[in-house]
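Undergrad: mmCIF, C-alpha atoms, saved as entry.cif, coming up:
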```
data_data
loop_
_atom_site.label_atom_id
_atom_site.label_comp_id
_atom_site.auth_asym_id
_atom_site.auth_seq_id
_atom_site.Cartn_x
_atom_site.Cartn_y
_atom_site.Cartn_z
CA MET S 1 42.59 41.16 35.55
CA THR S 2 44.94 38.44 36.72
CA GLY S 3 47.36 37.51 39.46
CA GLU S 4 47.94 39.06 42.87
CA PHE S 5 47.82 42.57 41.38
CA ALA S 6 44.23 42.13 40.15
CA LYS S 7 42.78 45.14 42.04
CA LEU S 8 45.04 47.50 40.14
CA PRO S 9 44.62 48.51 36.48
CA ASP S 10 45.48 45.78 33.97
CA ILE S 11 46.85 46.40 30.49
CA GLU S 12 44.27 48.36 28.51
CA PRO S 13 44.62 48.51 24.69
CA SER S 14 42.18 51.44 24.43
CA LEU S 15 44.75 53.63 26.20
CA LEU S 16 47.40 52.95 23.57
CA GLU S 17 49.49 55.95 22.57
CA ILE S 18 51.24 55.89 19.19
CA MET S 19 54.30 57.97 18.43
CA LYS S 20 55.62 57.26 14.94
CA THR S 21 59.27 57.57 14.08
CA LYS S 22 60.33 60.63 12.10
CA GLU S 23 63.29 58.74 10.70
CA PRO S 24 62.06 55.41 9.25
CA LYS S 25 64.83 52.99 8.38
CA GLN S 26 65.33 51.47 4.98
CA VAL S 27 64.11 47.88 4.93
CA PRO S 28 67.15 45.71 4.10
CA PRO S 29 67.13 43.14 1.29
CA PRO S 30 65.97 39.72 2.57
CA SER S 31 69.23 38.02 1.58
CA SER S 32 71.16 40.24 4.03
CA LEU S 33 69.16 39.28 7.12
CA VAL S 34 70.93 37.55 10.00
CA PHE S 35 68.64 36.11 12.66
CA GLY S 36 68.03 38.59 15.47
CA HIS S 37 70.31 41.36 14.17
CA THR S 38 67.87 43.67 12.35
CA PHE S 39 65.04 45.49 14.13
CA THR S 40 62.04 47.40 12.88
CA ASP S 41 61.20 51.08 13.37
CA HIS S 42 58.94 50.79 16.40
CA MET S 43 58.58 49.03 19.75
CA LEU S 44 55.78 48.61 22.27
CA THR S 45 56.26 49.53 25.93
CA VAL S 46 53.98 49.11 28.95
CA PRO S 47 55.21 50.27 32.41
CA TRP S 48 54.04 48.76 35.68
CA HIS S 49 54.18 50.07 39.27
CA ILE S 50 53.11 48.19 42.39
CA LEU S 51 50.88 51.09 43.54
CA GLU S 52 49.50 52.03 40.12
CA GLY S 53 49.26 48.77 38.20
CA TRP S 54 49.83 48.74 34.45
CA GLY S 55 50.27 52.13 32.80
CA ALA S 56 49.27 53.31 29.35
CA PRO S 57 50.81 51.21 26.54
CA LYS S 58 52.84 53.09 23.98
CA ILE S 59 54.10 52.31 20.49
CA GLN S 60 57.18 54.45 20.00
CA PRO S 61 60.33 54.56 17.88
CA TYR S 62 62.74 51.68 18.54
CA ASP S 63 65.33 53.11 20.91
CA ASN S 64 67.55 52.37 23.88
CA VAL S 65 65.93 51.67 27.24
CA SER S 66 67.26 53.91 30.00
CA LEU S 67 67.62 52.22 33.40
CA PRO S 68 69.51 53.04 36.61
CA PRO S 69 72.47 50.77 37.37
CA SER S 70 70.64 49.65 40.51
CA ALA S 71 67.68 48.25 38.52
CA THR S 72 66.80 44.79 39.79
CA VAL S 73 67.13 43.21 36.34
CA PHE S 74 70.90 43.79 36.47
CA HIS S 75 71.39 42.18 39.87
CA TYR S 76 68.76 39.52 40.47
CA ALA S 77 67.86 38.39 36.93
CA HIS S 78 64.27 39.64 36.97
CA CYS S 79 64.00 39.03 33.24
CA LEU S 80 61.80 36.85 31.04
CA PHE S 81 60.83 36.81 27.40
CA GLU S 82 58.85 35.10 24.67
CA GLY S 83 59.41 34.38 20.99
CA LEU S 84 56.79 34.07 18.27
CA LYS S 85 56.40 34.93 14.60
CA ALA S 86 54.12 36.84 12.26
CA TYR S 87 53.78 35.52 8.70
CA ARG S 88 52.54 36.93 5.40
CA ASP S 89 50.60 34.51 3.17
CA LEU S 90 50.44 34.44 -0.61
CA ASN S 91 47.50 36.87 -0.56
CA GLY S 92 49.32 39.38 1.63
CA LYS S 93 47.38 38.56 4.80
CA VAL S 94 49.50 38.78 7.98
CA THR S 95 48.94 36.32 10.82
CA MET S 96 50.49 35.31 14.14
CA PHE S 97 50.88 31.70 15.18
CA ARG S 98 49.27 30.70 18.51
CA PRO S 99 50.04 33.97 20.38
CA ASP S 100 47.69 32.93 23.19
CA MET S 101 50.09 30.11 24.08
CA ASN S 102 53.03 32.51 24.32
CA MET S 103 51.16 34.97 26.52
CA LYS S 104 49.97 32.18 28.80
CA ARG S 105 53.55 30.97 29.19
CA MET S 106 54.80 34.53 29.71
CA ASN S 107 52.42 34.95 32.66
CA THR S 108 53.57 31.62 34.11
CA SER S 109 57.20 32.77 33.85
CA ALA S 110 56.32 36.12 35.46
CA GLU S 111 54.73 34.39 38.45
CA ARG S 112 57.85 32.24 38.93
CA VAL S 113 60.10 35.30 39.45
CA ALA S 114 57.53 37.53 41.25
CA LEU S 115 56.95 39.88 38.31
CA PRO S 116 53.45 41.17 37.51
CA THR S 117 51.03 39.23 35.35
CA PHE S 118 48.67 40.74 32.79
CA ASN S 119 45.62 40.14 30.62
CA PRO S 120 46.94 37.93 27.79
CA ASP S 121 44.20 38.94 25.35
CA ALA S 122 45.09 42.60 25.84
CA MET S 123 48.72 41.90 25.01
CA VAL S 124 47.78 39.98 21.87
CA GLU S 125 45.71 42.96 20.73
CA LEU S 126 48.60 45.35 21.36
CA MET S 127 51.01 43.11 19.47
CA LYS S 128 48.58 43.07 16.55
CA GLN S 129 48.66 46.85 16.45
CA LEU S 130 52.45 46.91 16.52
CA ILE S 131 52.68 44.31 13.75
CA ARG S 132 50.21 46.24 11.59
CA MET S 133 52.62 49.18 11.72
CA GLU S 134 55.64 46.99 10.96
CA LYS S 135 54.19 44.49 8.49
CA HIS S 136 56.10 46.04 5.57
CA TRP S 137 59.22 44.62 7.23
CA ILE S 138 58.06 41.06 6.50
CA PRO S 139 59.86 40.03 3.28
CA ASN S 140 57.43 38.93 0.59
CA GLN S 141 59.32 35.70 0.01
CA PRO S 142 58.72 32.08 1.12
CA GLY S 143 60.28 31.19 4.46
CA TYR S 144 60.52 34.74 5.80
CA SER S 145 58.66 36.14 8.80
CA LEU S 146 58.68 38.78 11.51
CA TYR S 147 60.10 37.52 14.79
CA ILE S 148 58.28 39.02 17.79
CA ARG S 149 60.12 39.32 21.11
CA PRO S 150 57.97 40.31 24.14
CA THR S 151 60.14 40.93 27.22
CA LEU S 152 59.40 41.72 30.88
CA ILE S 153 62.05 43.06 33.26
CA GLY S 154 62.22 44.37 36.82
CA THR S 155 63.22 48.05 36.78
CA GLN S 156 63.02 49.17 40.41
CA ALA S 157 66.12 51.12 41.48
CA ALA S 158 66.90 49.19 44.65
CA LEU S 159 69.33 46.57 45.91
CA GLY S 160 67.89 43.73 47.93
CA ILE S 161 66.27 40.45 46.96
CA ALA S 162 62.54 41.12 46.85
CA PRO S 163 59.71 41.31 44.31
CA PRO S 164 60.36 44.40 42.13
CA LYS S 165 57.99 47.31 42.70
CA GLU S 166 58.46 48.52 39.15
CA ALA S 167 58.65 46.66 35.86
CA LEU S 168 58.67 47.24 32.12
CA LEU S 169 57.06 45.09 29.47
CA PHE S 170 58.28 45.76 25.94
CA VAL S 171 57.99 44.16 22.51
CA ILE S 172 60.48 44.45 19.65
CA CYS S 173 60.31 42.97 16.14
CA SER S 174 62.95 41.53 13.84
CA PRO S 175 62.55 40.37 10.22
CA VAL S 176 64.05 36.91 9.79
CA GLY S 177 64.67 34.47 6.97
CA PRO S 178 64.59 30.67 6.76
CA TYR S 179 66.60 29.02 9.53
CA TYR S 180 68.14 26.73 6.90
CA PRO S 181 68.36 28.92 3.76
CA GLN S 182 70.36 26.31 1.84
CA GLY S 183 68.15 23.40 2.86
CA PHE S 184 68.07 21.32 6.02
CA LYS S 185 71.42 20.66 7.59
CA PRO S 186 71.30 18.13 10.44
CA VAL S 187 73.18 19.13 13.58
CA ALA S 188 75.63 17.19 15.72
CA LEU S 189 74.89 17.16 19.46
CA TYR S 190 77.12 16.63 22.46
CA GLY S 191 75.48 14.62 25.25
CA THR S 192 76.30 16.93 28.13
CA THR S 193 77.15 15.21 31.42
CA GLU S 194 79.41 18.00 32.75
CA TYR S 195 76.60 20.55 33.22
CA VAL S 196 73.01 20.41 34.45
CA ARG S 197 70.37 22.59 32.80
CA ALA S 198 67.56 22.22 35.36
CA ALA S 199 66.49 20.39 38.50
CA PRO S 200 63.11 19.50 40.02
CA GLY S 201 61.48 22.59 41.51
CA GLY S 202 63.87 24.89 39.67
CA ILE S 203 63.34 27.22 36.72
CA GLY S 204 63.78 24.86 33.78
CA ALA S 205 60.11 25.07 32.75
CA TYR S 206 60.13 28.88 32.50
CA LYS S 207 61.36 31.18 29.75
CA LEU S 208 63.67 33.21 31.97
CA GLY S 209 66.86 34.95 30.91
CA ALA S 210 68.70 33.09 33.68
CA ASN S 211 67.87 29.77 32.00
CA TYR S 212 69.63 30.79 28.82
CA ALA S 213 72.68 32.50 30.31
CA ALA S 214 73.53 29.34 32.23
CA GLY S 215 73.44 27.28 29.04
CA VAL S 216 75.96 29.32 27.07
CA ALA S 217 79.03 27.80 28.75
CA ALA S 218 77.72 24.29 28.04
CA GLN S 219 77.13 25.19 24.39
CA LYS S 220 80.61 26.68 24.17
CA PHE S 221 82.04 23.49 25.67
CA ALA S 222 80.16 21.38 23.12
CA ALA S 223 81.47 23.56 20.29
CA SER S 224 85.04 23.10 21.53
CA LYS S 225 84.57 19.36 21.03
CA GLY S 226 83.30 19.82 17.47
CA TYR S 227 79.55 19.67 18.06
CA VAL S 228 76.96 22.25 17.06
CA GLN S 229 74.83 22.12 20.20
CA ASN S 230 74.54 20.26 23.48
CA LEU S 231 71.99 17.63 24.44
CA TRP S 232 70.88 18.11 28.03
CA LEU S 233 70.87 14.89 30.06
CA GLN S 234 69.37 14.57 33.52
CA GLY S 235 70.44 12.43 36.46
CA PRO S 236 72.57 9.27 36.58
CA GLU S 237 70.11 7.61 34.17
CA HIS S 238 70.94 10.29 31.55
CA TYR S 239 67.33 11.10 30.78
CA ILE S 240 67.03 13.21 27.63
CA THR S 241 65.47 16.58 28.41
CA GLU S 242 66.20 19.29 25.81
CA VAL S 243 68.27 19.88 22.68
CA GLY S 244 70.12 23.11 23.45
CA THR S 245 67.18 25.51 23.72
CA MET S 246 64.74 23.22 21.89
CA ASN S 247 62.43 20.39 22.92
CA ALA S 248 63.57 16.88 22.02
CA PHE S 249 61.78 14.21 19.96
CA VAL S 250 62.89 10.64 19.21
CA ALA S 251 61.26 8.18 16.79
CA PHE S 252 61.65 4.41 17.31
CA LYS S 253 60.72 1.37 15.21
CA ARG S 254 58.38 -0.96 17.06
CA ALA S 255 56.91 -4.38 16.29
CA GLY S 256 54.42 -4.67 13.45
CA GLY S 257 55.81 -1.74 11.49
CA VAL S 258 54.71 0.75 14.16
CA THR S 259 56.68 3.97 14.70
CA GLU S 260 56.69 5.44 18.21
CA LEU S 261 57.27 9.19 18.43
CA VAL S 262 58.53 10.06 21.91
CA THR S 263 59.09 13.38 23.67
CA PRO S 264 59.96 13.81 27.36
CA PRO S 265 57.00 14.79 29.59
CA LEU S 266 56.55 18.27 31.05
CA ASP S 267 57.91 17.38 34.47
CA GLY S 268 58.75 20.88 35.71
CA MET S 269 62.25 20.83 34.21
CA ILE S 270 61.31 21.09 30.54
CA LEU S 271 60.05 24.24 28.81
CA PRO S 272 56.48 23.80 27.48
CA GLY S 273 57.36 24.78 23.93
CA VAL S 274 54.64 26.05 21.60
CA THR S 275 56.21 24.19 18.67
CA ARG S 276 56.47 21.07 20.85
CA ASP S 277 52.78 21.28 21.65
CA SER S 278 51.92 21.88 17.98
CA VAL S 279 53.94 18.88 16.78
CA LEU S 280 52.33 16.69 19.45
CA GLU S 281 48.80 17.81 18.58
CA LEU S 282 49.36 17.23 14.87
CA ALA S 283 50.95 13.80 15.44
CA LYS S 284 48.19 12.74 17.85
CA GLY S 285 45.45 13.95 15.51
CA HIS S 286 46.98 12.00 12.62
CA SER S 287 47.45 8.90 14.77
CA ALA S 288 43.82 9.04 15.96
CA GLY S 289 42.54 9.46 12.40
CA THR S 290 41.06 12.90 13.13
CA PHE S 291 42.86 14.23 10.07
CA GLU S 292 45.58 13.03 7.74
CA ILE S 293 49.08 14.41 7.37
CA PRO S 294 50.37 13.48 3.91
CA GLU S 295 53.43 11.18 3.80
CA LEU S 296 53.27 10.43 7.55
CA THR S 297 52.96 6.76 8.49
CA ASP S 298 49.50 5.56 9.54
CA LYS S 299 51.10 3.27 12.10
CA LEU S 300 52.12 6.02 14.50
CA VAL S 301 52.06 5.95 18.29
CA VAL S 302 52.71 9.20 20.17
CA SER S 303 54.19 9.04 23.68
CA GLU S 304 55.08 11.61 26.30
CA ARG S 305 57.44 9.59 28.47
CA GLN S 306 60.95 9.57 29.81
CA VAL S 307 63.63 8.36 27.43
CA THR S 308 67.29 7.75 28.24
CA MET S 309 70.40 7.94 26.12
CA GLY S 310 70.82 4.25 26.87
CA GLU S 311 67.52 3.50 25.13
CA VAL S 312 68.50 5.63 22.13
CA LYS S 313 71.91 3.94 21.91
CA GLU S 314 70.40 0.47 22.14
CA ALA S 315 67.82 1.30 19.43
CA ALA S 316 70.54 2.64 17.14
CA SER S 317 72.59 -0.53 17.59
CA ALA S 318 69.55 -2.70 16.80
CA GLY S 319 68.57 -0.64 13.76
CA ASN S 320 65.38 0.54 15.48
CA LEU S 321 66.17 4.25 15.69
CA VAL S 322 64.16 6.14 13.05
CA GLU S 323 65.28 9.70 13.80
CA PHE S 324 66.02 12.35 16.43
CA PHE S 325 65.07 16.04 16.17
CA GLY S 326 64.49 19.23 18.13
CA THR S 327 61.58 21.68 17.92
CA GLY S 328 61.49 25.42 18.54
CA THR S 329 60.19 28.74 17.23
CA ALA S 330 63.32 29.72 15.30
CA ALA S 331 64.02 26.49 13.37
CA VAL S 332 60.56 24.86 13.79
CA ILE S 333 62.20 21.43 13.42
CA SER S 334 65.94 20.79 13.59
CA PRO S 335 67.11 17.28 12.58
CA VAL S 336 70.04 15.58 14.32
CA ASP S 337 72.55 13.28 12.59
CA LYS S 338 75.06 12.60 15.37
CA ILE S 339 75.25 12.55 19.17
CA GLY S 340 78.54 12.45 21.02
CA TYR S 341 77.95 10.36 24.13
CA LEU S 342 80.47 9.11 26.70
CA GLY S 343 83.39 9.28 24.31
CA GLU S 344 81.81 7.82 21.18
CA ASP S 345 79.64 9.16 18.36
CA LEU S 346 76.18 7.75 17.91
CA MET S 347 75.06 8.15 14.28
CA ILE S 348 71.41 9.11 13.75
CA PRO S 349 69.55 8.23 10.51
CA THR S 350 68.53 11.15 8.25
CA GLY S 351 67.08 11.28 4.76
CA PRO S 352 68.69 12.73 1.60
CA ASP S 353 67.24 16.17 2.41
CA GLY S 354 68.50 16.03 6.00
CA MET S 355 65.14 15.19 7.55
CA GLY S 356 63.49 11.89 8.47
CA PRO S 357 60.20 10.14 7.64
CA VAL S 358 58.43 11.57 10.71
CA SER S 359 59.88 15.07 10.99
CA ARG S 360 59.57 15.86 7.26
CA PRO S 361 55.77 15.53 6.93
CA LEU S 362 55.20 17.15 10.33
CA TRP S 363 57.41 20.10 9.33
CA LYS S 364 55.62 20.48 6.00
CA HIS S 365 52.19 20.46 7.63
CA LEU S 366 53.12 22.74 10.51
CA THR S 367 54.83 25.34 8.34
CA GLY S 368 51.88 25.13 5.97
CA ILE S 369 49.64 26.16 8.86
CA GLN S 370 52.01 28.89 10.00
CA THR S 371 52.26 30.47 6.56
CA GLY S 372 48.53 30.24 5.84
CA ALA S 373 48.77 27.60 3.09
CA ILE S 374 46.76 25.23 5.33
CA PRO S 375 43.79 26.93 7.09
CA HIS S 376 43.81 26.32 10.83
CA PRO S 377 42.45 28.02 13.99
CA TRP S 378 46.02 28.30 15.33
CA THR S 379 46.63 31.25 13.01
CA VAL S 380 45.43 34.65 14.25
CA GLU S 381 44.90 37.37 11.69
CA VAL S 382 46.59 40.68 12.43
#
```
Kindly return the structure encoded in the file as structure tokens.
TA:
Amino acid sequence: MTGEFAKLPDIEPSLLEIMKTKEPKQVPPPSSLVFGHTFTDHMLTVPWHILEGWGAPKIQPYDNVSLPPSATVFHYAHCLFEGLKAYRDLNGKVTMFRPDMNMKRMNTSAERVALPTFNPDAMVELMKQLIRMEKHWIPNQPGYSLYIRPTLIGTQAALGIAPPKEALLFVICSPVGPYYPQGFKPVALYGTTEYVRAAPGGIGAYKLGANYAAGVAAQKFAASKGYVQNLWLQGPEHYITEVGTMNAFVAFKRAGGVTELVTPPLDGMILPGVTRDSVLELAKGHSAGTFEIPELTDKLVVSERQVTMGEVKEAASAGNLVEFFGTGTAAVISPVDKIGYLGEDLMIPTGPDGMGPVSRPLWKHLTGIQTGAIPHPWTVEV
């Protein structure tokens, strides 16, 4: 049991109730899938009440959620979520990628907005059971997976800013294809100085619905200027923080043929991305000689430090900018080829396939782990 509600019942997988749909949907052809628009037959729900703790989990047919218009989620943004994937390997085995990290982060987000926490291991077990029922939705083709979306909302029917006395945790699943089905296409970013994504002590480091709603206007503004996504800059120094909804990485040439891979530190404003952590761990392990990532330079230094747009611009002018990319669950790695900054476009080097000499081998190795081609303890069998 965890959190301030520890004396009350926690989530208990042994109490799971399963109600199968009587009208299973036809699984669509993989080529028709649009990210986040197709959902499987079933969902997982777990209710919570301040006096009763966590109720019995239930796997039930995917359906609408009925809530009163006074539910706190509609008024005070008591809403958080996670995103992870389940993969099918060449032998048909289905695995999840680092679900413990997502559940840890979900509890951290819940604490930040006074929603109940839960036993993360119990939730992983329940998600396994849901995925086992829905695994036929994972297309048996390279690059496809089942996107898992755990969500926690405040459901108490009451107006007034206070911790909700009722909540609902639910999980839905969506089959998804490769983020870049036609090959990698680098994106153009707009260095946003008109909007601020997060501030010290705020909610930038948490996966809350409010974080994402506030970013839509900035993304729309960037699109109106001809850019795909916005690059969040912080303070008068224009520190790089995030790439849209992804973590940011920059690679620089250093003396002696060394490449420095830089990502901003987790300073309370940046989301601790699971893909970010995975890329860092792989890069650090390669740099330390613990293991080798094919095609990745041996002269690699990995840094978690602040980096400004001024430093990136200066490196580009001097020919010392190797590449710039974002990391996240959906795309894994998203290369960048242009940044609009203070009225001019800064061109970012990319290779013939759209990726760079650092991101390409890291992407290959990471996706190899995710899909089971490279054995690794990060994969959890369903």
Undergrad: With only C-alpha atoms as the atoms that count, which of S:Pro9, S:Gly289, S:Gly92, S:Gly154 lies nearest to Leu67 of chain S?
TA: S:Gly154
Undergrad: Residues near Gly326 of chain S, anyone? I mean within 10 Å using all atoms listed in the file, not counting same-chain ones fewer than 3 positions away, as JSON, numbers by chain.
TA: {"S": [187, 231, 242, 243, 244, 245, 246, 247, 248, 249, 250, 263, 275, 276, 331, 332, 333, 334, 335, 336, 359]}
Undergrad: Grab the atom CA of Leu80 of chain S to atom CA of Trp137 of chain S distance for me, in Å with one decimal place.
TA: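 The value is 25.2 Å.
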Undergrad: Once the PyMOL selection byres ((chain S and resi 271) around 9) has been evaluated on this model, what residues remain selected, and can you format them as a list in words?
TA: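 Expected selection for the PyMOL selection byres ((chain S and resi 271) around 9) here is Gly204, Ala205, Tyr206, Lys207, Glu242, Thr245, Met246, Asn247, Leu266, Gly268, Met269, Ile270, Pro272 and Gly273 of chain S.
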Undergrad: Can you list, as a ChimeraX atom specification, every protein, DNA or RNA residue that comes within 12 Å of Glu281 of chain S when you count only C-alpha atoms, leaving out same-chain residues fewer than 5 positions away?
TA: /S:274-276,286-288,290-291,293,302-304,362,365-366,378
Undergrad: Name the residues in contact with Ala251 of chain S at a cut-off of 8 Å, using all atoms listed in the file, excluding same-chain residues fewer than 6 positions from it; report them as a list in words.
TA: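 Using all atoms listed in the file, the neighbours found are Thr259, Glu260, Leu261, Val262, Leu321, Val322, Glu323, Phe324 and Val358 of chain S.
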Undergrad: Compile a residue-level contact table for segment 334-369 of chain S against segment 95-106 of chain S at a cut-off of 12 Å, reporting for every qualifying residue the shortest atom pair and its distance in Å to one decimal, with only C-alpha atoms counted, rows ordered by chain and ascending number, as CSV.
TA:
```
residue,atom,partner,partner_atom,distance
S:Leu366,CA,S:Phe97,CA,10.3
S:Thr367,CA,S:Phe97,CA,10.1
S:Gly368,CA,S:Phe97,CA,11.4
S:Ile369,CA,S:Phe97,CA,8.5
```
Undergrad: Near segment 12-17 of chain S, counting all atoms listed in the file, which residues have an atom at most 6 Å away, once you skip same-chain residues fewer than 4 positions from it, shown as a compact mmCIF listing (two decimals) with C-alpha atoms, in the frame of the given file?
TA:
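The resulting part-v4.txt:
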```
# COMPACT_ATOMS: atom_id res chain seq x y z
CA ALA S 56 49.27 53.31 29.35
CA PRO S 57 50.81 51.21 26.54
CA LYS S 58 52.84 53.09 23.98
```
Undergrad: Tell me which protein, DNA and RNA residues are within 10 Å of Gln129 of chain S, counting only C-alpha atoms, leaving out same-chain ones fewer than 6 positions away, and put them as a PyMOL selection string.
TA: chain S and resi 13+16+18+44+59+123+135+382
Undergrad: By how many Å are atom CA of Trp363 of chain S and atom CA of Glu292 of chain S apart?
TA: 13.9 Å
Undergrad: Tell me, in Å to one decimal, how far atom CA of Pro375 of chain S is from atom CA of Val301 of chain S.
TA: 25.2 Å
Undergrad: With all atoms listed in the file as the atoms that count, which of S:Cys79, S:Val279, S:Ala114, S:Asp63 lies nearest to Ala213 of chain S?
TA: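 Counting all atoms listed in the file, the residue closest to Ala213 of chain S is S:Cys79.
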Undergrad: With distances taken over all atoms listed in the file, which residue among S:Val46, S:His136, S:Gly53, S:Asp298 lies nearest Lys93 of chain S?
TA: S:His136
